[in-house]
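final-v2.txt, holding compact mmCIF, C-alpha atoms and all ligand atoms:
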```
# COMPACT_ATOMS: atom_id res chain seq x y z
CA MET A 6 143.47 126.22 -90.78
CA VAL A 7 143.32 125.89 -87.02
CA THR A 8 142.36 129.12 -85.26
CA VAL A 9 143.73 130.59 -82.04
CA LYS A 10 140.36 129.94 -80.41
CA ASP A 11 140.51 126.25 -81.38
CA LEU A 12 144.02 125.94 -79.95
CA ALA A 13 143.01 127.66 -76.71
CA LYS A 14 140.28 125.07 -76.13
CA MET A 15 142.43 121.98 -76.60
CA GLU A 16 143.70 119.91 -73.70
CA ASP A 17 147.24 120.66 -72.48
CA LEU A 18 149.50 117.63 -72.23
CA LEU A 19 152.42 119.72 -70.96
CA LEU A 20 151.64 120.49 -67.35
CA LYS A 21 152.15 123.76 -65.48
CA GLY A 22 154.54 124.07 -62.59
CA ASN A 23 157.40 122.50 -64.54
CA ALA A 24 161.11 123.31 -64.36
CA ALA A 25 161.40 125.43 -67.54
CA CYS A 26 162.80 128.97 -67.29
CA ALA A 27 160.24 131.80 -67.46
CA GLY A 28 159.48 132.49 -71.13
CA CYS A 29 160.86 129.12 -72.29
CA PRO A 30 160.13 128.36 -75.96
CA ILE A 31 159.80 124.63 -75.21
CA GLY A 32 156.57 125.45 -73.40
CA VAL A 33 154.99 126.90 -76.53
CA ALA A 34 156.50 124.36 -78.96
CA LEU A 35 155.69 121.25 -76.93
CA ARG A 36 152.23 122.35 -75.77
CA THR A 37 151.25 122.97 -79.38
CA THR A 38 152.88 119.79 -80.70
CA LEU A 39 151.08 117.61 -78.17
CA LYS A 40 147.78 119.33 -78.97
CA ALA A 41 148.26 118.20 -82.58
CA LEU A 42 149.35 114.66 -81.69
CA GLY A 43 147.04 113.82 -78.79
CA ARG A 44 147.48 111.17 -76.12
CA LYS A 45 148.31 108.29 -78.45
CA THR A 46 151.94 109.37 -78.60
CA ILE A 47 155.18 108.06 -77.15
CA MET A 48 158.05 110.52 -76.77
CA PHE A 49 161.75 109.75 -77.00
CA VAL A 50 163.83 112.50 -75.48
CA PRO A 51 167.63 112.60 -75.26
CA ALA A 52 169.59 114.71 -72.78
CA CYS A 53 168.46 118.30 -73.37
CA CYS A 54 166.42 121.01 -71.64
CA THR A 55 163.22 119.03 -72.20
CA SER A 56 164.57 116.22 -70.03
CA VAL A 57 164.84 118.83 -67.26
CA VAL A 58 161.46 120.42 -68.01
CA GLN A 59 159.86 116.97 -67.78
CA GLY A 60 161.19 116.74 -64.19
CA ILE A 61 162.57 114.00 -61.98
CA GLY A 62 160.43 111.13 -60.74
CA PRO A 63 158.04 110.22 -59.32
CA GLY A 64 156.21 113.11 -61.06
CA ALA A 65 156.41 114.12 -64.74
CA ALA A 66 155.33 117.35 -66.43
CA ILE A 67 154.46 115.59 -69.68
CA SER A 68 151.24 113.59 -69.88
CA VAL A 69 152.26 111.08 -72.54
CA PRO A 70 154.56 108.06 -72.09
CA LEU A 71 158.15 109.24 -72.41
CA PHE A 72 161.48 107.44 -72.60
CA ASN A 73 164.80 109.19 -71.96
CA THR A 74 167.53 108.12 -74.36
CA ALA A 75 171.28 108.71 -74.50
CA PHE A 76 172.23 112.01 -76.09
CA GLU A 77 173.09 110.61 -79.53
CA THR A 78 170.31 108.02 -79.85
CA ALA A 79 166.86 109.67 -79.95
CA ALA A 80 166.34 108.59 -83.57
CA SER A 81 167.71 105.05 -83.17
CA VAL A 82 165.68 104.32 -80.02
CA ALA A 83 162.59 105.72 -81.74
CA SER A 84 163.33 103.48 -84.75
CA GLY A 85 163.23 100.43 -82.51
CA ALA A 86 159.98 101.58 -80.92
CA ALA A 87 158.44 102.16 -84.36
CA ALA A 88 159.34 98.60 -85.36
CA ALA A 89 157.82 97.26 -82.13
CA ALA A 90 154.64 99.28 -82.63
CA GLU A 91 154.29 97.85 -86.12
CA ILE A 92 154.78 94.24 -84.97
CA LEU A 93 152.26 94.72 -82.15
CA GLY A 94 149.83 96.49 -84.48
CA LYS A 95 149.63 99.59 -82.25
CA ASP A 96 148.30 102.82 -83.67
CA VAL A 97 150.62 105.27 -81.94
CA THR A 98 152.78 108.23 -82.99
CA ILE A 99 156.45 107.64 -82.26
CA LEU A 100 157.87 111.08 -81.54
CA ALA A 101 161.58 111.78 -81.18
CA TRP A 102 161.94 115.22 -79.56
CA ALA A 103 165.39 116.74 -79.23
CA GLY A 104 167.36 119.97 -79.06
CA ASP A 105 169.60 121.17 -81.88
CA GLY A 106 172.74 119.78 -80.20
CA GLY A 107 171.14 116.33 -80.17
CA THR A 108 169.97 116.79 -83.76
CA TYR A 109 172.43 118.83 -85.82
CA ASP A 110 175.53 117.44 -84.12
CA ILE A 111 175.63 114.36 -81.92
CA GLY A 112 172.41 112.69 -83.14
CA LEU A 113 173.02 113.26 -86.85
CA GLN A 114 174.15 109.77 -87.86
CA ALA A 115 171.22 108.13 -86.02
CA ILE A 116 168.81 110.51 -87.80
CA SER A 117 170.41 109.88 -91.18
CA GLY A 118 170.14 106.13 -90.64
CA ALA A 119 166.48 106.29 -89.61
CA ALA A 120 165.68 108.59 -92.55
CA GLU A 121 167.48 106.38 -95.03
CA ARG A 122 165.66 103.28 -93.75
CA GLY A 123 162.37 105.14 -93.83
CA ASP A 124 161.54 104.27 -90.22
CA ASN A 125 158.09 105.36 -89.10
CA VAL A 126 159.26 108.16 -86.81
CA LEU A 127 158.25 111.80 -86.41
CA TYR A 128 161.42 113.64 -85.43
CA ILE A 129 161.04 117.17 -84.06
CA CYS A 130 163.97 119.40 -83.23
CA TYR A 131 163.22 122.41 -81.04
CA ASN A 132 166.05 124.56 -82.20
CA ASN A 133 167.36 127.08 -79.69
CA GLN A 134 170.61 127.29 -81.65
CA MET A 135 172.93 126.12 -78.86
CA TYR A 136 173.43 123.56 -76.11
CA SER A 137 171.34 125.32 -73.50
CA ASN A 138 170.98 122.60 -70.88
CA THR A 139 174.72 122.56 -70.16
CA GLY A 140 175.03 126.35 -70.07
CA ILE A 141 175.00 127.76 -73.63
CA GLN A 142 177.67 126.17 -75.81
CA ARG A 143 177.98 126.53 -79.59
CA SER A 144 176.25 123.95 -81.80
CA GLY A 145 176.06 123.35 -85.55
CA ALA A 146 172.82 125.38 -85.44
CA THR A 147 174.40 128.48 -83.85
CA PRO A 148 174.37 131.35 -86.36
CA LEU A 149 177.37 133.41 -87.49
CA GLY A 150 178.40 136.09 -85.01
CA ALA A 151 176.46 134.72 -82.03
CA TRP A 152 178.05 134.72 -78.60
CA THR A 153 178.02 131.46 -76.65
CA THR A 154 180.30 130.39 -73.78
CA THR A 155 182.49 128.58 -76.33
CA THR A 156 182.36 131.35 -78.97
CA TRP A 157 182.81 134.33 -76.71
CA THR A 158 183.92 136.66 -79.51
CA GLY A 159 181.09 135.42 -81.76
CA LYS A 160 180.81 132.22 -83.82
CA THR A 161 182.92 132.33 -86.97
CA GLU A 162 180.83 129.92 -89.07
CA HIS A 163 177.25 129.96 -90.38
CA MET A 164 174.59 127.55 -89.10
CA LYS A 165 174.21 124.17 -90.73
CA ASP A 166 171.12 123.64 -92.92
CA MET A 167 169.56 120.59 -91.29
CA GLY A 168 166.31 120.84 -93.28
CA MET A 169 168.21 120.54 -96.54
CA ILE A 170 170.13 117.53 -95.19
CA LEU A 171 166.79 115.81 -94.56
CA ILE A 172 165.39 116.90 -97.93
CA ALA A 173 168.44 115.27 -99.53
CA HIS A 174 167.29 112.01 -97.87
CA ARG A 175 164.00 112.35 -99.84
CA VAL A 176 161.86 111.60 -96.79
CA PRO A 177 158.04 112.08 -97.04
CA TYR A 178 157.91 115.30 -95.01
CA VAL A 179 160.31 118.03 -93.90
CA ALA A 180 159.17 121.34 -92.44
CA ALA A 181 160.57 124.38 -90.70
CA THR A 182 158.46 126.51 -88.39
CA SER A 183 158.86 128.88 -85.46
CA VAL A 184 157.60 129.37 -81.92
CA GLY A 185 156.36 132.76 -83.18
CA TYR A 186 153.49 130.97 -84.96
CA PRO A 187 151.78 128.28 -82.83
CA ASP A 188 149.12 127.77 -85.52
CA ASP A 189 151.82 126.99 -88.10
CA ILE A 190 153.43 124.50 -85.68
CA TYR A 191 150.04 122.84 -85.13
CA GLU A 192 149.27 122.52 -88.84
CA LYS A 193 152.68 121.06 -89.67
CA VAL A 194 152.69 118.56 -86.81
CA LYS A 195 149.15 117.50 -87.69
CA LYS A 196 150.12 116.97 -91.33
CA ALA A 197 153.28 115.06 -90.36
CA LYS A 198 151.24 112.84 -88.02
CA GLU A 199 149.09 111.60 -90.90
CA LYS A 200 152.08 110.53 -92.99
CA LYS A 201 154.10 107.32 -92.76
CA GLY A 202 157.86 107.02 -92.80
CA PHE A 203 160.50 109.37 -91.47
CA ARG A 204 159.27 112.94 -90.96
CA TYR A 205 161.27 115.91 -89.71
CA ILE A 206 160.16 119.28 -88.29
CA ASP A 207 162.55 121.99 -87.14
CA ILE A 208 160.99 124.53 -84.75
CA LEU A 209 163.01 127.71 -84.18
CA ALA A 210 162.92 128.30 -80.42
CA PRO A 211 164.17 131.66 -79.10
CA CYS A 212 165.59 131.01 -75.60
CA PRO A 213 165.76 133.99 -73.20
CA PRO A 214 168.87 133.01 -71.18
CA GLY A 215 170.73 131.59 -74.20
CA TRP A 216 170.01 134.39 -76.65
CA ARG A 217 170.15 136.99 -73.88
CA PHE A 218 166.80 138.76 -74.18
CA PRO A 219 164.00 139.63 -71.70
CA SER A 220 161.65 136.70 -71.11
CA ASP A 221 158.60 138.45 -72.60
CA MET A 222 160.15 138.55 -76.10
CA THR A 223 160.11 134.81 -76.93
CA ILE A 224 157.17 134.92 -79.35
CA ARG A 225 158.09 138.32 -80.79
CA LEU A 226 161.59 137.10 -81.71
CA GLY A 227 160.11 133.92 -83.17
CA ARG A 228 158.17 136.14 -85.57
CA LEU A 229 160.98 138.60 -86.30
CA ALA A 230 163.23 135.70 -87.31
CA ILE A 231 160.71 134.94 -90.07
CA GLU A 232 160.01 138.55 -91.04
CA THR A 233 163.74 139.18 -91.57
CA GLY A 234 164.35 135.91 -93.47
CA PHE A 235 166.77 134.74 -90.77
CA TRP A 236 164.59 131.60 -90.57
CA LEU A 237 162.17 130.33 -93.26
CA LEU A 238 158.69 128.81 -93.00
CA TYR A 239 158.54 125.98 -95.50
CA GLU A 240 157.46 122.41 -96.05
CA TYR A 241 158.83 119.73 -98.33
CA GLU A 242 156.14 117.21 -99.12
CA ASP A 243 156.00 114.43 -101.69
CA GLY A 244 159.06 115.83 -103.42
CA GLU A 245 157.88 119.43 -103.59
CA LEU A 246 159.11 122.42 -101.61
CA ARG A 247 156.62 125.15 -100.65
CA PHE A 248 156.74 128.24 -98.47
CA ASN A 249 154.21 129.27 -95.82
CA GLY A 250 153.11 132.41 -94.02
CA TYR A 251 155.30 135.49 -94.27
CA THR A 252 158.01 133.59 -96.19
CA LYS A 253 155.41 132.75 -98.84
CA LEU A 254 154.38 136.41 -99.15
CA VAL A 255 158.01 137.35 -99.77
CA ALA A 256 158.42 134.53 -102.31
CA GLU A 257 155.36 135.83 -104.17
CA GLY A 258 156.76 139.37 -104.15
CA LYS A 259 153.97 140.69 -101.91
CA ARG A 260 156.30 141.57 -99.00
CA GLU A 261 159.98 142.13 -98.37
CA PHE A 262 162.22 140.82 -95.66
CA LYS A 263 162.97 143.41 -92.98
CA PRO A 264 166.65 144.24 -92.33
CA VAL A 265 168.09 141.47 -90.16
CA GLU A 266 169.40 144.07 -87.70
CA GLU A 267 165.84 144.45 -86.37
CA PHE A 268 166.09 140.84 -85.19
CA LEU A 269 169.73 140.83 -84.08
CA ARG A 270 169.61 144.06 -82.06
CA LEU A 271 167.09 142.68 -79.57
CA GLN A 272 169.45 139.89 -78.47
CA ASP A 273 172.53 140.45 -76.39
CA ARG A 274 174.23 137.41 -77.95
CA PHE A 275 174.80 139.78 -80.90
CA ARG A 276 175.55 142.91 -78.87
CA HIS A 277 179.27 142.88 -79.71
CA LEU A 278 178.27 143.40 -83.37
CA PHE A 279 176.93 146.85 -82.43
CA GLU A 280 179.16 148.06 -79.60
CA PRO A 281 181.71 149.21 -78.68
CA LYS A 282 182.51 149.19 -82.41
CA ARG A 283 179.99 148.38 -85.14
CA ARG A 284 181.00 145.20 -87.03
CA ASP A 285 179.66 145.96 -90.51
CA ASP A 286 181.72 143.10 -91.95
CA ILE A 287 179.79 140.49 -89.94
CA LEU A 288 176.40 142.23 -90.21
CA GLU A 289 176.73 142.44 -94.00
CA GLU A 290 177.80 138.80 -94.19
CA ILE A 291 174.70 137.71 -92.23
CA GLN A 292 172.49 139.79 -94.54
CA ARG A 293 174.22 138.36 -97.62
CA TRP A 294 173.83 134.81 -96.29
CA ILE A 295 170.08 135.33 -95.77
CA LYS A 296 169.66 136.50 -99.36
CA GLU A 297 171.76 133.71 -100.81
CA ARG A 298 170.02 131.02 -98.76
CA PHE A 299 166.57 132.26 -99.74
CA GLU A 300 167.54 132.30 -103.43
CA TRP A 301 168.73 128.72 -103.08
CA TYR A 302 165.38 127.67 -101.61
CA LEU A 303 163.50 129.70 -104.24
CA SER A 304 165.35 127.86 -107.02
CA LEU A 305 164.01 124.54 -105.66
CA ALA A 306 160.52 125.65 -104.69
CA LYS A 307 157.12 125.53 -106.28
CA ILE A 308 155.55 128.87 -105.44
CA MET B 11 150.72 95.02 -67.64
CA PRO B 12 149.96 94.19 -64.00
CA GLU B 13 148.17 96.91 -62.04
CA ASP B 14 150.90 97.25 -59.42
CA VAL B 15 153.58 97.77 -62.07
CA ASN B 16 154.76 100.87 -60.21
CA LYS B 17 156.00 98.67 -57.39
CA TYR B 18 158.51 97.03 -59.68
CA LEU B 19 159.39 99.70 -62.24
CA PRO B 20 160.58 103.25 -61.51
CA LEU B 21 157.79 104.87 -63.57
CA SER B 22 156.85 108.53 -63.18
CA LYS B 23 153.25 109.69 -63.31
CA PRO B 24 152.00 112.98 -64.79
CA LYS B 25 151.67 115.65 -62.13
CA ILE B 26 150.96 119.36 -62.09
CA GLY B 27 153.61 121.31 -60.18
CA ILE B 28 156.57 118.91 -60.28
CA SER B 29 158.78 121.92 -59.53
CA GLY B 30 156.43 123.17 -56.82
CA LYS B 31 154.30 126.29 -56.95
CA THR B 32 156.32 128.05 -59.63
CA GLY B 33 154.32 131.22 -59.03
CA SER B 34 156.87 131.92 -56.28
CA TRP B 35 159.52 132.55 -58.98
CA ARG B 36 157.61 135.62 -60.13
CA ILE B 37 158.85 139.20 -59.76
CA PHE B 38 156.23 140.82 -62.03
CA ALA B 39 152.64 139.58 -62.11
CA PRO B 40 150.35 139.86 -65.15
CA GLU B 41 146.97 141.46 -64.55
CA ILE B 42 144.09 141.25 -67.01
CA ASN B 43 141.84 144.26 -67.48
CA TYR B 44 138.57 142.55 -68.43
CA GLU B 45 137.06 145.78 -69.70
CA LYS B 46 139.71 145.93 -72.41
CA CYS B 47 139.92 142.17 -73.13
CA VAL B 48 138.36 141.18 -76.47
CA LYS B 49 138.49 137.42 -75.70
CA CYS B 50 140.80 136.61 -78.61
CA HIS B 51 142.54 133.87 -76.52
CA ILE B 52 146.00 134.67 -77.88
CA CYS B 53 147.37 134.85 -74.32
CA VAL B 54 146.07 131.33 -73.60
CA VAL B 55 147.90 129.93 -76.62
CA VAL B 56 151.26 131.70 -76.16
CA CYS B 57 151.69 131.27 -72.39
CA PRO B 58 154.79 129.02 -72.15
CA GLU B 59 153.58 127.72 -68.81
CA ALA B 60 150.03 126.76 -69.86
CA SER B 61 148.91 128.78 -66.86
CA ILE B 62 146.15 130.85 -68.47
CA LEU B 63 142.88 128.95 -68.46
CA LEU B 64 139.58 129.62 -70.15
CA GLU B 65 136.62 130.23 -67.91
CA ASP B 66 133.37 131.01 -69.74
CA ASP B 67 135.37 132.21 -72.74
CA ARG B 68 137.43 134.54 -70.48
CA PRO B 69 141.17 134.10 -69.87
CA LYS B 70 142.03 133.52 -66.22
CA ILE B 71 145.58 133.44 -64.87
CA ASP B 72 146.59 130.66 -62.49
CA TYR B 73 148.88 132.60 -60.13
CA ASP B 74 149.99 129.42 -58.37
CA TYR B 75 152.06 128.54 -61.42
CA CYS B 76 152.45 131.69 -63.60
CA LYS B 77 156.20 132.45 -63.67
CA GLY B 78 155.72 136.09 -64.62
CA CYS B 79 157.57 135.90 -67.94
CA GLY B 80 155.45 138.67 -69.49
CA VAL B 81 154.84 136.92 -72.82
CA CYS B 82 151.04 137.26 -72.45
CA ALA B 83 151.30 141.02 -71.81
CA ARG B 84 153.66 141.49 -74.76
CA GLU B 85 151.40 139.55 -77.16
CA CYS B 86 147.93 140.78 -76.11
CA PRO B 87 146.78 142.72 -79.18
CA VAL B 88 144.77 145.30 -77.22
CA GLY B 89 147.12 145.84 -74.28
CA ALA B 90 144.67 144.36 -71.77
CA ILE B 91 147.44 142.75 -69.70
CA THR B 92 149.86 144.78 -67.58
CA MET B 93 152.81 143.53 -65.56
CA ARG B 94 152.79 144.74 -61.97
CA ARG B 95 155.84 144.47 -59.70
CA GLU B 96 155.12 142.03 -56.91
CA ARG B 97 158.32 142.10 -54.88
C1 LIG A 401 177.28 111.73 -74.86
C2 LIG A 401 176.92 112.91 -74.02
N1 LIG A 401 177.69 114.02 -74.10
C3 LIG A 401 177.38 115.11 -73.37
C4 LIG A 401 176.29 115.11 -72.54
C5 LIG A 401 175.97 116.34 -71.71
N2 LIG A 401 174.80 117.05 -72.19
C6 LIG A 401 173.58 116.86 -71.66
S1 LIG A 401 172.41 117.85 -72.31
C7 LIG A 401 173.55 118.60 -73.32
C8 LIG A 401 173.16 119.73 -74.22
C9 LIG A 401 171.98 119.46 -75.07
O1 LIG A 401 171.86 120.47 -76.03
P1 LIG A 401 170.68 120.45 -77.09
O2 LIG A 401 170.56 119.13 -77.70
O3 LIG A 401 170.88 121.61 -77.99
O4 LIG A 401 169.36 120.69 -76.22
P2 LIG A 401 169.04 121.94 -75.27
O5 LIG A 401 169.83 121.74 -74.02
O6 LIG A 401 169.45 123.16 -76.02
O7 LIG A 401 167.60 121.86 -75.01
C10 LIG A 401 174.82 118.04 -73.14
C11 LIG A 401 176.04 118.48 -73.82
C12 LIG A 401 175.51 113.93 -72.47
N3 LIG A 401 174.40 113.86 -71.72
N4 LIG A 401 175.85 112.86 -73.23
S1 LIG A 402 167.61 127.41 -71.14
FE1 LIG A 402 166.20 128.05 -72.76
S2 LIG A 402 165.37 126.17 -73.67
FE2 LIG A 402 166.34 125.64 -71.70
S3 LIG A 402 164.65 125.66 -70.19
FE3 LIG A 402 165.61 127.70 -70.17
S4 LIG A 402 164.46 128.93 -71.66
FE4 LIG A 402 163.97 126.77 -72.02
S1 LIG A 403 145.28 138.32 -75.39
FE1 LIG A 403 144.37 140.10 -74.38
S2 LIG A 403 142.44 140.45 -75.45
FE2 LIG A 403 143.12 138.39 -76.01
S3 LIG A 403 142.08 137.07 -74.52
FE3 LIG A 403 144.09 137.55 -73.65
S4 LIG A 403 143.75 139.36 -72.36
FE4 LIG A 403 141.95 139.16 -73.70
S1 LIG A 404 153.33 136.02 -67.33
FE1 LIG A 404 154.07 134.28 -68.56
S2 LIG A 404 153.62 132.48 -67.28
FE2 LIG A 404 152.40 134.17 -66.45
S3 LIG A 404 150.42 133.98 -67.46
FE3 LIG A 404 151.65 135.44 -68.68
S4 LIG A 404 152.60 134.18 -70.27
FE4 LIG A 404 151.86 132.77 -68.67
```

So that I can check it, write out the structure of this file as structure tokens.
Amino acid sequence: MVTVKDLAKMEDLLLKGNAACAGCPIGVALRTTLKALGRKTIMFVPACCTSVVQGIGPGAAISVPLFNTAFETAASVASGAAAAAEILGKDVTILAWAGDGGTYDIGLQAISGAAERGDNVLYICYNNQMYSNTGIQRSGATPLGAWTTTTWTGKTEHMKDMGMILIAHRVPYVAATSVGYPDDIYEKVKKAKEKKGFRYIDILAPCPPGWRFPSDMTIRLGRLAIETGFWLLYEYEDGELRFNGYTKLVAEGKREFKPVEEFLRLQDRFRHLFEPKRRDDILEEIQRWIKERFEWYLSLAKI
Amino acid sequence: MPEDVNKYLPLSKPKIGISGKTGSWRIFAPEINYEKCVKCHICVVVCPEASILLEDDRPKIDYDYCKGCGVCARECPVGAITMRRER
């Protein structure tokens, strides 16, 4: 396992003085990802906050070659690049890097196609559970009850399970991780880098302006999401599903998930569930969904 | 590729500070108390801005770019970082 001290020593390929908001989860997710991948990487980034963080020319905040794609085409452009790299015999990681809007919704058919063809692409979704770049709209990754500017009384549906959609494609590697655990992100990206074919990693990315919390809580919320079972740490590799970190401890019966309220209460996107009137119906449904989803994963997993 | 490729293609080059000295965004500034610091380097890893550097094993904040988010202070396990109001 990589240690914090190892990570601290590695070169940063995301440069300071970029356009991200204070406390932005992309900073942590992308810094760590690029530490695991190194300079021999080409990024394909659709319209999303990262395309703003990267900046406008002639300067760029990301120190690897990067190509901006149309919103729905990160996976298909990366597929073409992977084919070119193979023909030219180049040893390079083709990284598609997109938000959840570009992944769960508008980019889904391009991802499914690339996964089905087994294209040699590492696809990473930094998942802030809404379209943040355009001012916080609902996406397929937005959880039940969450406020966004298009669900201003709270979203009425649960989030989509993108990881399971990729697992159903039987690709070589699928993993879910969280900005709360940079070492877990590093290990998973490193492992994915060494594999061939289509690989998918979903990084939960708590976003201060979108989730409505103070900017110092980004990492803390990334951990609470795991400790409450709201998000799971897992990897699907060579046909087997396994848990990691806190999720693994719960699966082995060594820990329990904390009540999800501990996670929800710290974010004002859920404030209307607590005041002026407590919405036990929605809170109980979120808690029930967490339990049901975990049991579903448990039934498929090797512990 | 020819050396003067930049003349013909609109390519960007990596640059620190593409959004200027982002330290000017700050309202609260983190301050490290080196007597308390146990050199665990957690702050270096979690800073979203990559603006804490290592100098002889010690964390050092680059105030030119630190946006004052407070993540480092929140995550320091021994409370060695405090946020001080700057303006
Ligand atoms: C076809 C198309 N529709 C809409 C847009 C406008 N647009 C740009 S970025 C964005 C939101 C991206 O959301 P997400 O993928 O979740 O990334 P995030 O902004 O959260 O980082 C939208 C709707 C676009 N660029 N192209
Ligand atoms: S809106 Fe959220 S994801 Fe986008 S730059 Fe700001 S903090 Fe980062
Ligand atoms: S997190 Fe705190 S103790 Fe650890 S290196 Fe930073 S200041 Fe020192
Ligand atoms: S306040 Fe935020 S930007 Fe500044 S050093 Fe701490 S973590 Fe980095």

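Here atom CA of Lys25 of chain B and atom CA of Gln59 of chain A stand 10.0 Å from one another.
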
Close residues to ligand LIG 404 (chain A) using all atoms listed in the file, limit 7 Å, as a PyMOL selection string
(chain A and resi 27-28) or (chain B and resi 39-40+53+56-62+71+76-83)

Nearest residue to ligand LIG 403 (chain A) out of B:Lys46, B:Lys31, B:Lys23, B:Arg36, using only C-alpha atoms and all ligand atoms?
B:Lys46

Residues contacting ligand LIG 402 (chain A) - anything with an atom at most 8 Å away, using all atoms listed in the file - can you give me those as a list of chain:residue names?
A:Ala24, A:Ala25, A:Cys26, A:Ala27, A:Gly28, A:Cys29, A:Pro30, A:Ile31, A:Gly32, A:Cys53, A:Cys54, A:Thr55, A:Val57, A:Val58, A:Asn133, A:Ser137, A:Asn138, A:Gly140, A:Ile141, A:Ala210, A:Pro211, A:Cys212, A:Pro213, A:Pro214, A:Gly215

Could you pull out the residues sitting within 12 Å of ligand LIG 403 (chain A), using all atoms listed in the file, and write them as an MDAnalysis selection string?
(chainID A and resid 9:10 13) or (chainID B and resid 40:57 62:71 80:92)

Residues of the last selection are to be written out with C-alpha atoms, as a PDB file, keeping the file's coordinate frame.
```pdb
ATOM      1  CA  VAL A   9     143.730 130.590 -82.040  1.00  0.00           C
ATOM      2  CA  LYS A  10     140.360 129.940 -80.410  1.00  0.00           C
ATOM      3  CA  ALA A  13     143.010 127.660 -76.710  1.00  0.00           C
TER       4      ALA A  13
ATOM      5  CA  PRO B  40     150.350 139.860 -65.150  1.00  0.00           C
ATOM      6  CA  GLU B  41     146.970 141.460 -64.550  1.00  0.00           C
ATOM      7  CA  ILE B  42     144.090 141.250 -67.010  1.00  0.00           C
ATOM      8  CA  ASN B  43     141.840 144.260 -67.480  1.00  0.00           C
ATOM      9  CA  TYR B  44     138.570 142.550 -68.430  1.00  0.00           C
ATOM     10  CA  GLU B  45     137.060 145.780 -69.700  1.00  0.00           C
ATOM     11  CA  LYS B  46     139.710 145.930 -72.410  1.00  0.00           C
ATOM     12  CA  CYS B  47     139.920 142.170 -73.130  1.00  0.00           C
ATOM     13  CA  VAL B  48     138.360 141.180 -76.470  1.00  0.00           C
ATOM     14  CA  LYS B  49     138.490 137.420 -75.700  1.00  0.00           C
ATOM     15  CA  CYS B  50     140.800 136.610 -78.610  1.00  0.00           C
ATOM     16  CA  HIS B  51     142.540 133.870 -76.520  1.00  0.00           C
ATOM     17  CA  ILE B  52     146.000 134.670 -77.880  1.00  0.00           C
ATOM     18  CA  CYS B  53     147.370 134.850 -74.320  1.00  0.00           C
ATOM     19  CA  VAL B  54     146.070 131.330 -73.600  1.00  0.00           C
ATOM     20  CA  VAL B  55     147.900 129.930 -76.620  1.00  0.00           C
ATOM     21  CA  VAL B  56     151.260 131.700 -76.160  1.00  0.00           C
ATOM     22  CA  CYS B  57     151.690 131.270 -72.390  1.00  0.00           C
ATOM     23  CA  ILE B  62     146.150 130.850 -68.470  1.00  0.00           C
ATOM     24  CA  LEU B  63     142.880 128.950 -68.460  1.00  0.00           C
ATOM     25  CA  LEU B  64     139.580 129.620 -70.150  1.00  0.00           C
ATOM     26  CA  GLU B  65     136.620 130.230 -67.910  1.00  0.00           C
ATOM     27  CA  ASP B  66     133.370 131.010 -69.740  1.00  0.00           C
ATOM     28  CA  ASP B  67     135.370 132.210 -72.740  1.00  0.00           C
ATOM     29  CA  ARG B  68     137.430 134.540 -70.480  1.00  0.00           C
ATOM     30  CA  PRO B  69     141.170 134.100 -69.870  1.00  0.00           C
ATOM     31  CA  LYS B  70     142.030 133.520 -66.220  1.00  0.00           C
ATOM     32  CA  ILE B  71     145.580 133.440 -64.870  1.00  0.00           C
ATOM     33  CA  GLY B  80     155.450 138.670 -69.490  1.00  0.00           C
ATOM     34  CA  VAL B  81     154.840 136.920 -72.820  1.00  0.00           C
ATOM     35  CA  CYS B  82     151.040 137.260 -72.450  1.00  0.00           C
ATOM     36  CA  ALA B  83     151.300 141.020 -71.810  1.00  0.00           C
ATOM     37  CA  ARG B  84     153.660 141.490 -74.760  1.00  0.00           C
ATOM     38  CA  GLU B  85     151.400 139.550 -77.160  1.00  0.00           C
ATOM     39  CA  CYS B  86     147.930 140.780 -76.110  1.00  0.00           C
ATOM     40  CA  PRO B  87     146.780 142.720 -79.180  1.00  0.00           C
ATOM     41  CA  VAL B  88     144.770 145.300 -77.220  1.00  0.00           C
ATOM     42  CA  GLY B  89     147.120 145.840 -74.280  1.00  0.00           C
ATOM     43  CA  ALA B  90     144.670 144.360 -71.770  1.00  0.00           C
ATOM     44  CA  ILE B  91     147.440 142.750 -69.700  1.00  0.00           C
ATOM     45  CA  THR B  92     149.860 144.780 -67.580  1.00  0.00           C
TER      46      THR B  92
END
```

Box for ligand LIG 401 (chain A) - axis-aligned, 5 Å on each of the six sides, all listed atoms - centre and size in Å to one decimal, as AutoDock Vina command-line options.
```
--center_x 172.6 --center_y 117.4 --center_z -74.8 --size_x 20.1 --size_y 21.4 --size_z 16.3
```

Mind listing as a PyMOL selection string which residues of chain A are within 10 Å of chain B, counting all atoms listed in the file?
chain A and resi 8-15+17-37+58-71+184-188+213+219-225

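Taking atom CA of Lys196 of chain A and atom CA of Ala180 of chain A as the two end points, the separation is 10.1 Å.
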
Which polymer residues have any atom within 8 Å of an atom of Tyr251 of chain A, counting all atoms listed in the file, with same-chain residues fewer than 4 positions away left out, as a ChimeraX atom specification?
/A:231-232,238,255,260

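Taking atom CA of Asp166 of chain A and atom CA of His277 of chain A as endpoints, the distance between them is 24.7 Å.
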
Non-local contacts of Tyr241 of chain A (8 Å; only C-alpha atoms; under 2 positions in same chain excluded) as a compact mmCIF listing (two decimals) with C-alpha atoms, in the coordinates of the input:
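Dumped to selection-v4.txt:
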```
# COMPACT_ATOMS: atom_id res chain seq x y z
CA ILE A 172 165.39 116.90 -97.93
CA PRO A 177 158.04 112.08 -97.04
CA TYR A 178 157.91 115.30 -95.01
CA VAL A 179 160.31 118.03 -93.90
CA ALA A 180 159.17 121.34 -92.44
CA TYR A 239 158.54 125.98 -95.50
CA ASP A 243 156.00 114.43 -101.69
CA GLY A 244 159.06 115.83 -103.42
CA GLU A 245 157.88 119.43 -103.59
CA LEU A 246 159.11 122.42 -101.61
CA ARG A 247 156.62 125.15 -100.65
```
